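The next block is entry_8.txt, given as compact mmCIF, C-alpha atoms and all ligand atoms.
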```txt
# COMPACT_ATOMS: atom_id res chain seq x y z
CA MET A 1 57.86 83.28 161.23
CA HIS A 2 54.73 85.06 160.15
CA GLN A 3 53.45 82.09 158.12
CA PRO A 4 55.48 79.04 159.19
CA ALA A 5 53.47 76.62 157.05
CA LEU A 6 54.40 78.58 153.92
CA GLU A 7 57.81 79.95 154.86
CA ALA A 8 59.09 76.49 155.81
CA LEU A 9 57.22 74.59 153.10
CA PRO A 10 59.30 71.53 152.11
CA ARG A 11 61.22 71.99 148.88
CA GLU A 12 59.25 69.45 146.79
CA ARG A 13 55.97 71.07 147.71
CA LEU A 14 57.38 74.52 147.06
CA ASP A 15 58.53 73.41 143.59
CA ALA A 16 55.12 71.93 142.83
CA LEU A 17 53.38 75.09 144.03
CA GLN A 18 55.64 77.21 141.83
CA LEU A 19 54.91 75.12 138.75
CA GLU A 20 51.18 75.37 139.32
CA ARG A 21 51.40 79.13 139.83
CA LEU A 22 53.65 79.67 136.81
CA ARG A 23 51.01 77.98 134.65
CA ARG A 24 48.32 80.11 136.20
CA THR A 25 50.33 83.32 135.75
CA LEU A 26 50.96 82.53 132.09
CA ALA A 27 47.29 81.87 131.47
CA TRP A 28 46.31 85.03 133.36
CA ALA A 29 48.79 87.20 131.44
CA CYS A 30 47.76 85.82 128.04
CA VAL A 31 44.17 86.93 128.53
CA ASN A 32 45.56 90.34 127.57
CA PRO A 33 46.18 90.08 123.78
CA ALA A 34 49.18 92.45 123.98
CA TYR A 35 50.79 90.27 126.64
CA ALA A 36 49.96 87.11 124.66
CA GLN A 37 51.59 88.64 121.62
CA HIS A 38 54.68 89.52 123.64
CA VAL A 39 54.99 85.96 124.96
CA GLY A 40 54.43 84.55 121.48
CA PRO A 41 54.02 80.93 120.38
CA ALA A 42 56.24 79.63 123.20
CA ALA A 43 53.27 80.09 125.52
CA ALA A 44 51.38 77.29 123.79
CA GLY A 45 53.84 74.57 124.81
CA ASP A 46 53.31 72.36 127.81
CA LEU A 47 54.92 73.57 131.03
CA ARG A 48 56.05 70.25 132.52
CA THR A 49 58.82 71.52 134.82
CA THR A 50 59.97 74.91 136.02
CA ALA A 51 62.93 74.54 133.62
CA ASP A 52 60.46 74.81 130.69
CA TRP A 53 59.82 78.39 131.83
CA GLY A 54 63.16 79.29 130.21
CA ARG A 55 61.56 78.89 126.75
CA LEU A 56 59.53 82.04 127.26
CA PRO A 57 60.94 85.38 126.11
CA PHE A 58 62.32 87.91 128.56
CA LEU A 59 60.36 90.96 129.58
CA THR A 60 62.49 94.13 129.69
CA LYS A 61 62.28 97.55 131.25
CA ASP A 62 61.79 98.96 127.76
CA ASP A 63 58.82 96.62 127.23
CA LEU A 64 57.22 97.99 130.40
CA ARG A 65 58.01 101.60 129.54
CA GLY A 66 56.62 101.04 126.07
CA ALA A 67 53.43 99.64 127.61
CA TYR A 68 52.75 102.93 129.43
CA PRO A 69 50.38 103.20 131.10
CA PHE A 70 48.32 99.99 131.05
CA ALA A 71 49.04 98.08 127.82
CA LEU A 72 50.39 95.03 129.67
CA ALA A 73 48.07 95.30 132.65
CA CYS A 74 46.03 92.16 133.22
CA ALA A 75 42.98 93.04 135.22
CA PRO A 76 40.05 95.21 134.13
CA PRO A 77 40.70 98.88 135.01
CA ALA A 78 37.71 98.82 137.34
CA ALA A 79 39.63 96.34 139.49
CA PHE A 80 42.62 98.65 139.96
CA ARG A 81 42.83 100.17 143.43
CA ARG A 82 46.16 101.95 143.26
CA VAL A 83 49.01 102.77 140.94
CA GLN A 84 52.61 102.89 142.00
CA MET A 85 55.33 103.85 139.59
CA SER A 86 59.04 104.12 139.20
CA SER A 87 60.44 107.34 137.90
CA GLY A 88 62.96 106.76 135.21
CA THR A 89 65.33 109.55 134.31
CA THR A 90 64.33 109.09 130.68
CA GLY A 91 61.18 107.98 128.93
CA ASN A 92 57.89 106.86 130.37
CA PRO A 93 57.62 105.72 133.97
CA ILE A 94 56.87 102.06 134.66
CA VAL A 95 53.33 101.94 136.03
CA ASN A 96 52.19 99.08 138.24
CA PRO A 97 48.43 98.91 138.83
CA TYR A 98 47.48 97.05 142.01
CA THR A 99 44.28 95.13 142.47
CA GLN A 100 42.82 94.54 145.92
CA GLY A 101 44.50 91.14 145.80
CA ASP A 102 47.86 92.74 144.99
CA ILE A 103 47.61 95.04 147.99
CA ALA A 104 46.83 92.05 150.21
CA GLN A 105 49.75 90.14 148.70
CA TRP A 106 52.01 93.12 149.43
CA ALA A 107 50.89 93.24 153.05
CA GLU A 108 51.52 89.51 153.41
CA VAL A 109 55.08 89.48 152.09
CA MET A 110 55.94 92.66 153.99
CA ALA A 111 54.58 91.18 157.23
CA ARG A 112 56.86 88.18 156.67
CA CYS A 113 59.79 90.56 156.18
CA TYR A 114 59.10 92.39 159.43
CA VAL A 115 58.94 89.13 161.37
CA ALA A 116 62.13 87.84 159.70
CA ALA A 117 63.86 91.04 160.88
CA GLY A 118 62.68 90.39 164.43
CA ALA A 119 59.52 92.50 164.70
CA ARG A 120 57.31 91.61 167.64
CA ALA A 121 54.18 92.81 169.38
CA GLY A 122 54.62 96.29 170.80
CA ASP A 123 57.12 97.47 168.21
CA VAL A 124 56.89 101.03 166.95
CA VAL A 125 57.82 101.46 163.28
CA GLN A 126 59.05 104.75 161.91
CA ILE A 127 58.54 104.73 158.15
CA THR A 128 60.94 107.17 156.52
CA PRO A 129 60.61 106.41 152.78
CA SER A 130 58.09 108.61 151.00
CA PHE A 131 54.40 107.84 150.69
CA GLY A 132 53.41 108.48 147.12
CA LEU A 133 54.10 106.95 143.76
CA PHE A 134 57.32 105.42 145.11
CA THR A 135 56.53 102.05 146.69
CA GLY A 136 58.60 102.39 149.86
CA GLY A 137 56.25 104.12 152.28
CA PHE A 138 53.09 102.14 151.56
CA GLY A 139 54.85 98.78 151.53
CA PHE A 140 56.24 99.26 155.02
CA HIS A 141 52.88 100.61 156.10
CA TYR A 142 50.84 97.62 154.94
CA GLY A 143 53.18 95.08 156.47
CA ALA A 144 53.23 96.84 159.83
CA GLU A 145 49.47 97.21 159.76
CA ARG A 146 49.02 93.49 159.07
CA LEU A 147 51.10 92.79 162.21
CA ARG A 148 49.24 95.43 164.23
CA LEU A 149 52.42 97.31 165.03
CA GLN A 150 52.34 100.97 165.91
CA ILE A 151 53.18 103.05 162.83
CA VAL A 152 54.75 106.49 162.63
CA PRO A 153 54.13 107.29 158.94
CA ILE A 154 56.32 110.36 158.74
CA GLY A 155 57.61 109.73 155.20
CA ALA A 156 60.73 111.25 153.70
CA GLY A 157 62.74 114.25 154.84
CA ARG A 158 62.58 116.49 157.93
CA THR A 159 65.50 114.64 159.47
CA SER A 160 65.61 116.74 162.60
CA LEU A 161 61.94 116.02 163.31
CA GLN A 162 62.51 112.35 162.49
CA LEU A 163 65.09 112.12 165.28
CA THR A 164 62.89 113.89 167.80
CA LEU A 165 59.87 111.71 167.06
CA MET A 166 61.97 108.58 166.99
CA ARG A 167 63.10 109.33 170.50
CA ASP A 168 59.85 110.70 171.92
CA LEU A 169 57.55 108.05 170.42
CA GLY A 170 59.97 105.24 171.21
CA ALA A 171 60.50 103.91 167.68
CA THR A 172 62.06 100.43 167.77
CA ILE A 173 62.09 99.70 164.02
CA LEU A 174 63.46 102.02 161.37
CA ALA A 175 62.28 101.51 157.79
CA ALA A 176 64.43 103.43 155.34
CA ILE A 177 66.25 103.78 152.05
CA ALA A 178 69.67 102.27 152.72
CA THR A 179 71.68 105.50 152.93
CA TYR A 180 69.12 107.46 154.96
CA PRO A 181 70.57 106.33 158.31
CA LEU A 182 73.74 108.20 157.32
CA ARG A 183 71.69 111.38 157.12
CA LEU A 184 70.18 110.67 160.54
CA ILE A 185 73.64 110.15 162.03
CA GLU A 186 74.96 113.30 160.38
CA VAL A 187 72.12 115.54 161.50
CA ALA A 188 72.34 114.15 165.02
CA ARG A 189 76.01 115.09 165.07
CA GLU A 190 75.35 118.60 163.72
CA GLU A 191 72.61 119.28 166.21
CA GLY A 192 74.15 117.62 169.23
CA PHE A 193 71.34 115.05 169.32
CA ASP A 194 72.17 112.12 171.58
CA LEU A 195 71.74 108.97 169.50
CA SER A 196 71.90 106.83 172.62
CA SER A 197 68.53 108.32 173.62
CA LEU A 198 66.90 106.30 170.79
CA HIS A 199 65.30 102.90 171.30
CA LEU A 200 65.87 101.51 167.82
CA ARG A 201 66.52 97.77 167.68
CA VAL A 202 66.03 96.91 164.01
CA ALA A 203 66.50 98.69 160.68
CA MET A 204 64.98 97.41 157.45
CA LEU A 205 66.95 99.04 154.67
CA GLY A 206 66.61 98.75 150.94
CA SER A 207 66.14 100.40 147.56
CA GLU A 208 69.86 101.04 147.08
CA MET A 209 73.03 98.97 146.91
CA TRP A 210 74.81 99.10 150.24
CA SER A 211 77.90 97.30 151.37
CA ASP A 212 78.55 95.24 154.50
CA ASP A 213 80.97 97.97 155.53
CA LEU A 214 78.21 100.57 155.39
CA ARG A 215 76.03 98.21 157.40
CA ALA A 216 78.72 98.07 160.10
CA VAL A 217 78.77 101.88 160.33
CA ILE A 218 74.97 102.12 160.61
CA GLU A 219 74.71 99.33 163.19
CA ARG A 220 77.46 100.78 165.34
CA GLU A 221 76.20 104.37 165.29
CA LEU A 222 72.52 103.61 165.78
CA GLY A 223 72.91 100.56 168.04
CA LEU A 224 70.65 98.27 166.00
CA THR A 225 70.68 95.31 163.65
CA ALA A 226 70.16 96.21 159.98
CA PHE A 227 68.47 93.90 157.48
CA ASP A 228 68.66 94.15 153.71
CA ILE A 229 65.17 94.12 152.18
CA ILE A 230 64.68 93.88 148.42
CA GLY A 231 61.92 94.67 145.98
CA MET A 232 61.11 97.03 143.15
CA THR A 233 58.09 98.77 141.68
CA GLU A 234 57.75 96.11 139.00
CA THR A 235 57.52 93.25 141.53
CA GLY A 236 55.06 95.18 143.68
CA GLY A 237 57.49 97.14 145.86
CA PRO A 238 59.60 96.14 148.85
CA GLY A 239 58.85 92.68 150.20
CA LEU A 240 60.33 90.50 147.47
CA GLY A 241 62.66 89.14 150.12
CA ILE A 242 64.76 89.96 153.17
CA GLU A 243 67.65 88.69 155.24
CA CYS A 244 66.87 86.62 158.33
CA PRO A 245 68.84 86.56 161.59
CA ALA A 246 71.14 83.88 160.14
CA ARG A 247 72.50 86.60 157.81
CA ALA A 248 73.27 83.97 155.23
CA GLY A 249 71.62 85.59 152.24
CA ILE A 250 68.29 87.15 151.34
CA HIS A 251 65.29 84.83 151.42
CA LEU A 252 63.19 85.30 148.29
CA TRP A 253 59.52 84.45 148.94
CA GLU A 254 59.29 81.62 146.46
CA ASP A 255 55.57 81.00 146.76
CA HIS A 256 55.09 84.53 145.36
CA TYR A 257 58.10 84.91 143.06
CA PHE A 258 60.09 82.66 140.77
CA CYS A 259 63.69 83.62 140.11
CA GLU A 260 66.35 82.78 137.58
CA VAL A 261 69.93 84.04 137.38
CA VAL A 262 71.20 84.52 133.83
CA ASP A 263 74.23 85.71 131.94
CA PRO A 264 73.61 89.47 131.48
CA ILE A 265 74.85 89.36 127.89
CA SER A 266 73.63 86.05 126.45
CA GLY A 267 70.66 85.46 128.74
CA ALA A 268 71.77 81.85 129.29
CA PRO A 269 71.04 80.39 132.74
CA ARG A 270 73.81 80.57 135.32
CA PRO A 271 74.29 77.74 137.81
CA ASP A 272 73.65 78.32 141.51
CA GLY A 273 76.55 80.06 143.19
CA THR A 274 77.50 81.96 140.02
CA GLU A 275 76.77 85.64 139.69
CA GLY A 276 74.46 86.92 136.98
CA GLU A 277 71.42 89.07 136.35
CA LEU A 278 68.32 88.36 138.40
CA VAL A 279 65.25 87.51 136.30
CA LEU A 280 61.94 87.50 138.13
CA SER A 281 58.49 86.16 137.48
CA THR A 282 55.57 86.91 139.75
CA LEU A 283 53.36 84.00 140.84
CA THR A 284 50.49 85.79 142.55
CA ARG A 285 50.36 89.33 141.17
CA GLN A 286 47.29 90.27 139.15
CA GLY A 287 47.58 93.87 137.91
CA LEU A 288 50.98 93.53 136.29
CA PRO A 289 52.17 89.92 136.30
CA LEU A 290 55.81 89.60 135.34
CA ILE A 291 57.04 86.81 133.10
CA ARG A 292 60.85 86.54 133.07
CA TYR A 293 61.52 90.17 133.90
CA ARG A 294 65.12 91.34 133.49
CA THR A 295 65.80 93.30 136.69
CA HIS A 296 69.37 94.42 135.86
CA ASP A 297 70.32 93.46 139.45
CA LEU A 298 73.42 91.33 139.86
CA THR A 299 73.33 88.54 142.40
CA ARG A 300 73.66 84.76 142.74
CA VAL A 301 71.73 81.97 144.37
CA VAL A 302 73.60 81.32 147.62
CA SER A 303 71.64 78.24 148.66
CA ARG A 304 68.41 76.31 148.19
CA ALA A 305 69.04 74.30 151.37
CA VAL A 306 66.99 74.81 154.52
CA CYS A 307 68.33 77.86 156.38
CA ASP A 308 69.37 77.88 160.04
CA CYS A 309 66.25 79.96 160.66
CA GLY A 310 64.09 77.07 159.39
CA ARG A 311 62.88 78.79 156.23
CA THR A 312 63.09 76.76 153.05
CA HIS A 313 62.88 79.62 150.55
CA LEU A 314 66.09 80.05 148.56
CA ARG A 315 68.63 82.66 149.49
CA LEU A 316 70.14 85.23 147.14
CA ASP A 317 73.36 87.06 147.73
CA ARG A 318 73.09 90.75 148.58
CA PHE A 319 72.91 92.65 145.30
CA ARG A 320 76.38 93.56 144.17
CA GLY A 321 75.40 96.11 141.58
CA ARG A 322 73.22 96.66 138.56
CA THR A 323 74.11 95.83 135.02
CA ASP A 324 73.29 99.44 134.21
CA ASP A 325 75.33 101.09 136.97
CA MET A 326 78.48 99.21 136.22
CA VAL A 327 81.07 101.86 135.45
CA ILE A 328 83.50 101.27 132.63
CA TYR A 329 86.58 103.44 132.86
CA ARG A 330 89.52 102.94 130.53
CA GLY A 331 88.49 99.35 129.97
CA VAL A 332 88.11 98.52 133.69
CA ASN A 333 84.67 97.51 134.98
CA PHE A 334 83.66 98.26 138.55
CA TYR A 335 80.61 98.92 140.73
CA PRO A 336 80.18 101.88 143.09
CA ARG A 337 79.69 99.49 146.01
CA GLN A 338 83.23 98.17 145.57
CA ILE A 339 84.57 101.72 145.93
CA GLU A 340 82.32 102.26 148.95
CA SER A 341 83.80 99.25 150.76
CA LEU A 342 87.33 100.46 150.14
CA ILE A 343 86.55 103.99 151.39
CA LEU A 344 84.95 102.69 154.56
CA SER A 345 87.89 100.43 155.31
CA GLN A 346 90.18 103.49 155.36
CA PRO A 347 90.20 105.16 158.81
CA GLY A 348 89.18 108.80 158.75
CA ALA A 349 87.10 108.65 155.57
CA GLY A 350 83.36 109.17 155.85
CA PRO A 351 80.62 107.15 154.20
CA GLU A 352 79.60 109.82 151.68
CA TYR A 353 81.31 109.76 148.32
CA GLN A 354 80.86 110.56 144.67
CA ILE A 355 82.58 109.11 141.64
CA VAL A 356 83.00 111.74 138.93
CA LEU A 357 83.96 110.77 135.41
CA GLU A 358 85.12 113.51 133.10
CA ARG A 359 86.57 113.88 129.65
CA ALA A 360 89.59 116.18 129.67
CA PRO A 361 89.95 118.69 126.80
CA GLY A 362 92.66 116.50 125.27
CA GLY A 363 90.20 113.64 125.02
CA SER A 364 91.50 111.40 127.81
CA ASP A 365 89.19 110.43 130.66
CA ARG A 366 89.58 111.37 134.30
CA LEU A 367 88.24 109.50 137.29
CA VAL A 368 87.84 111.69 140.35
CA LEU A 369 86.74 110.25 143.64
CA CYS A 370 85.29 112.90 145.93
CA ILE A 371 85.11 111.86 149.57
CA GLU A 372 84.43 113.50 152.87
CA ALA A 373 87.08 112.94 155.51
CA GLN A 374 88.55 114.19 158.74
CA PRO A 375 91.12 117.02 158.66
CA GLY A 376 94.56 115.72 157.76
CA PHE A 377 93.21 112.85 155.66
CA ALA A 378 94.51 114.32 152.41
CA ALA A 379 98.15 113.97 153.51
CA HIS A 380 98.18 110.33 154.58
CA GLY A 381 94.80 108.68 154.19
CA ALA A 382 94.21 109.68 150.60
CA PRO A 383 97.45 108.19 149.19
CA ALA A 384 96.77 104.97 151.16
CA LEU A 385 93.21 104.79 149.83
CA ARG A 386 94.43 105.38 146.29
CA GLU A 387 96.87 102.52 146.68
CA ARG A 388 94.13 100.19 147.93
CA ILE A 389 91.86 101.06 145.03
CA LYS A 390 94.72 100.47 142.64
CA THR A 391 95.45 97.06 144.15
CA ALA A 392 91.82 95.95 144.35
CA LEU A 393 90.37 97.36 141.14
CA ALA A 394 93.33 98.39 138.97
CA LEU A 395 92.08 101.98 139.02
CA THR A 396 94.05 105.08 139.92
CA PRO A 397 91.53 107.80 140.71
CA GLU A 398 92.37 111.35 141.62
CA ILE A 399 91.09 111.79 145.15
CA THR A 400 89.49 115.04 146.21
CA VAL A 401 89.13 115.31 149.96
CA LEU A 402 86.27 117.47 151.18
CA ALA A 403 85.13 118.56 154.62
CA ALA A 404 82.25 116.68 156.24
CA GLY A 405 78.93 117.79 154.75
CA ALA A 406 80.44 119.21 151.55
CA LEU A 407 78.95 116.71 149.10
CA PRO A 408 75.36 117.30 147.97
CA ARG A 409 72.75 115.15 149.74
CA ALA A 410 70.13 113.79 147.36
CA PRO A 411 66.56 113.89 148.70
CA GLY A 412 65.95 110.24 147.73
CA LYS A 413 68.48 107.71 146.60
CA ALA A 414 72.12 108.74 146.88
CA VAL A 415 73.85 109.85 143.67
CA ARG A 416 77.13 107.96 143.65
CA VAL A 417 78.22 108.34 140.05
CA VAL A 418 78.34 111.54 137.99
CA ASP A 419 79.36 110.74 134.44
CA ARG A 420 80.23 113.84 132.43
CA ARG A 421 82.03 111.98 129.67
CA ALA A 422 79.22 111.96 127.13
CA GLY A 423 78.67 114.89 124.82
ZN ZN B 501 67.09 82.17 157.11
```
Would you mind writing the file's structure down as structure tokens?
Ligand code: ZN
Amino acid sequence: MHQPALEALPRERLDALQLERLRRTLAWACVNPAYAQHVGPAAAGDLRTTADWGRLPFLTKDDLRGAYPFALACAPPAAFRRVQMSSGTTGNPIVNPYTQGDIAQWAEVMARCYVAAGARAGDVVQITPSFGLFTGGFGFHYGAERLRLQIVPIGAGRTSLQLTLMRDLGATILAAIATYPLRLIEVAREEGFDLSSLHLRVAMLGSEMWSDDLRAVIERELGLTAFDIIGMTETGGPGLGIECPARAGIHLWEDHYFCEVVDPISGAPRPDGTEGELVLSTLTRQGLPLIRYRTHDLTRVVSRAVCDCGRTHLRLDRFRGRTDDMVIYRGVNFYPRQIESLILSQPGAGPEYQIVLERAPGGSDRLVLCIEAQPGFAAHGAPALRERIKTALALTPEITVLAAGALPRAPGKAVRVVDRRAG
């Protein structure tokens, strides 16, 4: 562990620390009149237990967009050292201003993540997410720097060069958006690059939903162990939590973040073990403290017991989907990741896919699943896959089989759903 005294803090002390920091966060946020107004009269009540936190109103993405750029920021502008932001497809971006303390906090939680994934002295980290307004690149950079690892800050794209440098500079840790390893594998295949010439041992992958089946493909092809790391611009980037070698859920750093899992519709708390929407509060962030932020991510608390790795911080399930990327087709709800698992369990089908929803001229909807597969798949594999999807999800998509490389590759996060039904 990077900070054993904190990462294995006994539960009672962790709870007490959280309560103290929740009080402090509330007081800090309410210094900003706009934030105080948002929180409302509930803020005045006594916070006796962490359960009392549930009295406070939720903070939504729309609240943060509406606060563009700094209406809910809580430190004087002169204290801001950096802005990171998330690009929405519509409306204002969500801007997160970082103080010096926030950058240090980011480095600390990211260093913990590296160590949880097995980083050690002498490791060489190739950072493939972009350095810019997106949080990925800098987050991995700060954590690696804190641990004095060797950094290759190449950023996004240039896959061919990525492979060459990875090999020649002896990269042992790959930091990436979850589907980027697929691009590495694909380009290696196209260019006859020998993947066994790489020295990668660990991959830290995040920023997208990815299934255990996709993990198996990445681990097999690249000969490494892949860890799911979580985080978002609003929480201060990657580093909110990560899996440990026990692979029994994602540890959420509870001395820095307080989490609740709620019913996505009613907002009522969900008991541990039950899936719902993740609601996060920050405990140590200064520039943009979050109070009960609705993340839209679906997960559940797997356990609050001490993990086999010795850490006491609670474990969340890997994110199953987002409340806003749930697809509703003819009354059936499903998540792209469920389709992904079914595709990958069908021999001959590749990991790239796209779900296309269309409205036919007659007014009825069509669900087309475009996949890349080996020659001959259309005759036997496609009907079998269709049957599996029908059994598992009660959906009967049309399946379009394409040659390897035919689907468009997005420069950042993969585009898994194209919905042309509206309008
Ligand atoms: Zn653990």
If you take only C-alpha atoms and all ligand atoms and a cut-off of 6 Å, which residues of chain A touch ligand ZN 501 (chain B), and what are their nearest atom pairs and distances in Å to one decimal, in chain and number order, as CSV?
```
residue,atom,partner,partner_atom,distance
A:Cys244,CA,B:ZN501,ZN,4.6
A:Ala246,CA,B:ZN501,ZN,5.3
A:Cys307,CA,B:ZN501,ZN,4.5
A:Asp308,CA,B:ZN501,ZN,5.7
A:Cys309,CA,B:ZN501,ZN,4.3
A:Arg311,CA,B:ZN501,ZN,5.5
```
Grab the CA of Gly237 (chain A) to CA of Pro33 (chain A) distance for me, in Å with one decimal place. 25.8 Å
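Nearest residue to Arg294 (chain A), choosing from A:Pro153, A:Gly170, A:Gly192, A:Pro57 and counting only C-alpha atoms: A:Pro57.
Closest approach to Ile177 (chain A) among A:Thr312, A:Gly155, A:Ser207, A:Gln162 is made by A:Ser207 (distances from only C-alpha atoms).
The spacing separating CA of Arg330 (chain A) from CA of Asp365 (chain A) amounts to 7.5 Å.
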Find the residues near Phe80 (chain A): any atom within 7 Å, counting all atoms listed in the file, skip ones fewer than 3 places away on the same chain, and give them as a PDB file with C-alpha atoms, in the frame of the given file.
```
ATOM      1  CA  PRO A  77      40.700  98.880 135.010  1.00  0.00           C
ATOM      2  CA  PRO A  97      48.430  98.910 138.830  1.00  0.00           C
ATOM      3  CA  TYR A  98      47.480  97.050 142.010  1.00  0.00           C
ATOM      4  CA  THR A  99      44.280  95.130 142.470  1.00  0.00           C
TER       5      THR A  99
END
```
Could you check the closest approach to Lys413 (chain A) for each of A:Arg183, A:His199, A:Lys390, A:Arg292 and tell me which residue wins, using only C-alpha atoms? A:Arg183
Neighbour list for Phe134 (chain A) as an mmCIF file with C-alpha atoms, in the coordinates of the input, cut-off 10 Å, all atoms listed in the file, skip fewer than 6 positions in-chain:
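The resulting file, part_1.cif, is shown below:
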```
data_model
loop_
_atom_site.group_PDB
_atom_site.id
_atom_site.type_symbol
_atom_site.label_atom_id
_atom_site.label_comp_id
_atom_site.auth_asym_id
_atom_site.auth_seq_id
_atom_site.Cartn_x
_atom_site.Cartn_y
_atom_site.Cartn_z
ATOM 1 C CA VAL A 83 49.010 102.770 140.940
ATOM 2 C CA GLN A 84 52.610 102.890 142.000
ATOM 3 C CA MET A 85 55.330 103.850 139.590
ATOM 4 C CA SER A 86 59.040 104.120 139.200
ATOM 5 C CA SER A 87 60.440 107.340 137.900
ATOM 6 C CA MET A 232 61.110 97.030 143.150
ATOM 7 C CA THR A 233 58.090 98.770 141.680
ATOM 8 C CA GLY A 237 57.490 97.140 145.860
#
```
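Within 12 Å of Val327 (chain A), once only C-alpha atoms are used and residues closer than 3 positions along the same chain are dropped, the contacting residues are Gly321, Arg322, Thr323, Asp324, Arg330, Gly331, Val332, Asn333, Phe334, Tyr335, Pro336, Arg337, Gln338, Ile339, Ile355, Val356, Leu357, Leu367, Leu393, Leu395, Arg416, Val417, Val418, Asp419 and Arg421 of chain A.
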Extract, using only C-alpha atoms, all DNA, RNA and protein residues at most 12 Å from Gly287 (chain A), discarding same-chain residues fewer than 2 positions from it, and format them as number ranges by chain. A: 25, 28-29, 32, 69-84, 95-103, 105, 234-236, 282-285, 289-290
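Between CA of Ser160 (chain A) and CA of Ser196 (chain A) there is a distance of 15.4 Å.
If you measure from each of A:Ala175, A:Leu314, A:Leu9, A:Ile291 to Val279 (chain A) using all atoms listed in the file, the closest one turns out to be A:Ile291.
Between Glu275 (chain A) and the candidates A:Glu387, A:Glu340, A:Glu208, A:Asp297, the tightest atom-to-atom separation, counting all atoms listed in the file, involves A:Asp297.
Remark: for Ile94 (chain A), the closest of the candidate residues A:Asp63, A:Glu191, A:Glu108, A:Glu260 is A:Asp63 (distances computed over only C-alpha atoms).
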Please determine an axis-aligned box that encloses all atoms of region 128-134 of chain A listed in the file, with 5 Å added on each side, and express its centre and edge lengths in Å to one decimal as AutoDock Vina command-line options.
```
--center_x 57.2 --center_y 107.0 --center_z 150.1 --size_x 17.5 --size_y 13.2 --size_z 22.8
```
If you take only C-alpha atoms and a cut-off of 10 Å, which residues of region 191-262 of chain A touch region 10-21 of chain A, and what are their nearest atom pairs and distances in Å to one decimal, in chain and number order, as a Markdown table?
```
| residue | atom | partner | partner_atom | distance |
| --- | --- | --- | --- | --- |
| A:Glu254 | CA | A:Gln18 | CA | 7.4 |
| A:Asp255 | CA | A:Gln18 | CA | 6.2 |
| A:His256 | CA | A:Gln18 | CA | 8.1 |
| A:Tyr257 | CA | A:Gln18 | CA | 8.2 |
| A:Phe258 | CA | A:Gln18 | CA | 7.1 |
```
Need to verify the contact set: Ile371 (chain A), 12 Å, only C-alpha atoms, exclusion of same-chain residues closer than 5 positions in sequence. Can you return it as a JSON list (two decimals) with C-alpha atoms, keeping the file's coordinate frame?
```
[["chain", "number", "residue", "atom", "x", "y", "z"],
["A", 339, "ILE", "CA", 84.57, 101.72, 145.93],
["A", 340, "GLU", "CA", 82.32, 102.26, 148.95],
["A", 342, "LEU", "CA", 87.33, 100.46, 150.14],
["A", 343, "ILE", "CA", 86.55, 103.99, 151.39],
["A", 344, "LEU", "CA", 84.95, 102.69, 154.56],
["A", 346, "GLN", "CA", 90.18, 103.49, 155.36],
["A", 348, "GLY", "CA", 89.18, 108.80, 158.75],
["A", 349, "ALA", "CA", 87.10, 108.65, 155.57],
["A", 350, "GLY", "CA", 83.36, 109.17, 155.85],
["A", 351, "PRO", "CA", 80.62, 107.15, 154.20],
["A", 352, "GLU", "CA", 79.60, 109.82, 151.68],
["A", 353, "TYR", "CA", 81.31, 109.76, 148.32],
["A", 354, "GLN", "CA", 80.86, 110.56, 144.67],
["A", 355, "ILE", "CA", 82.58, 109.11, 141.64],
["A", 356, "VAL", "CA", 83.00, 111.74, 138.93],
["A", 377, "PHE", "CA", 93.21, 112.85, 155.66],
["A", 378, "ALA", "CA", 94.51, 114.32, 152.41],
["A", 381, "GLY", "CA", 94.80, 108.68, 154.19],
["A", 382, "ALA", "CA", 94.21, 109.68, 150.60],
["A", 385, "LEU", "CA", 93.21, 104.79, 149.83],
["A", 386, "ARG", "CA", 94.43, 105.38, 146.29],
["A", 397, "PRO", "CA", 91.53, 107.80, 140.71],
["A", 398, "GLU", "CA", 92.37, 111.35, 141.62],
["A", 399, "ILE", "CA", 91.09, 111.79, 145.15],
["A", 400, "THR", "CA", 89.49, 115.04, 146.21],
["A", 401, "VAL", "CA", 89.13, 115.31, 149.96],
["A", 402, "LEU", "CA", 86.27, 117.47, 151.18],
["A", 403, "ALA", "CA", 85.13, 118.56, 154.62],
["A", 404, "ALA", "CA", 82.25, 116.68, 156.24],
["A", 405, "GLY", "CA", 78.93, 117.79, 154.75],
["A", 406, "ALA", "CA", 80.44, 119.21, 151.55],
["A", 407, "LEU", "CA", 78.95, 116.71, 149.10],
["A", 408, "PRO", "CA", 75.36, 117.30, 147.97],
["A", 416, "ARG", "CA", 77.13, 107.96, 143.65]]
```
In the coordinate frame of the file, compute which residues have an atom within 8 Å of (84.3, 111.5, 124.6) when using all atoms listed in the file, and state them as a PyMOL selection string. chain A and resi 359+363-365+421-423
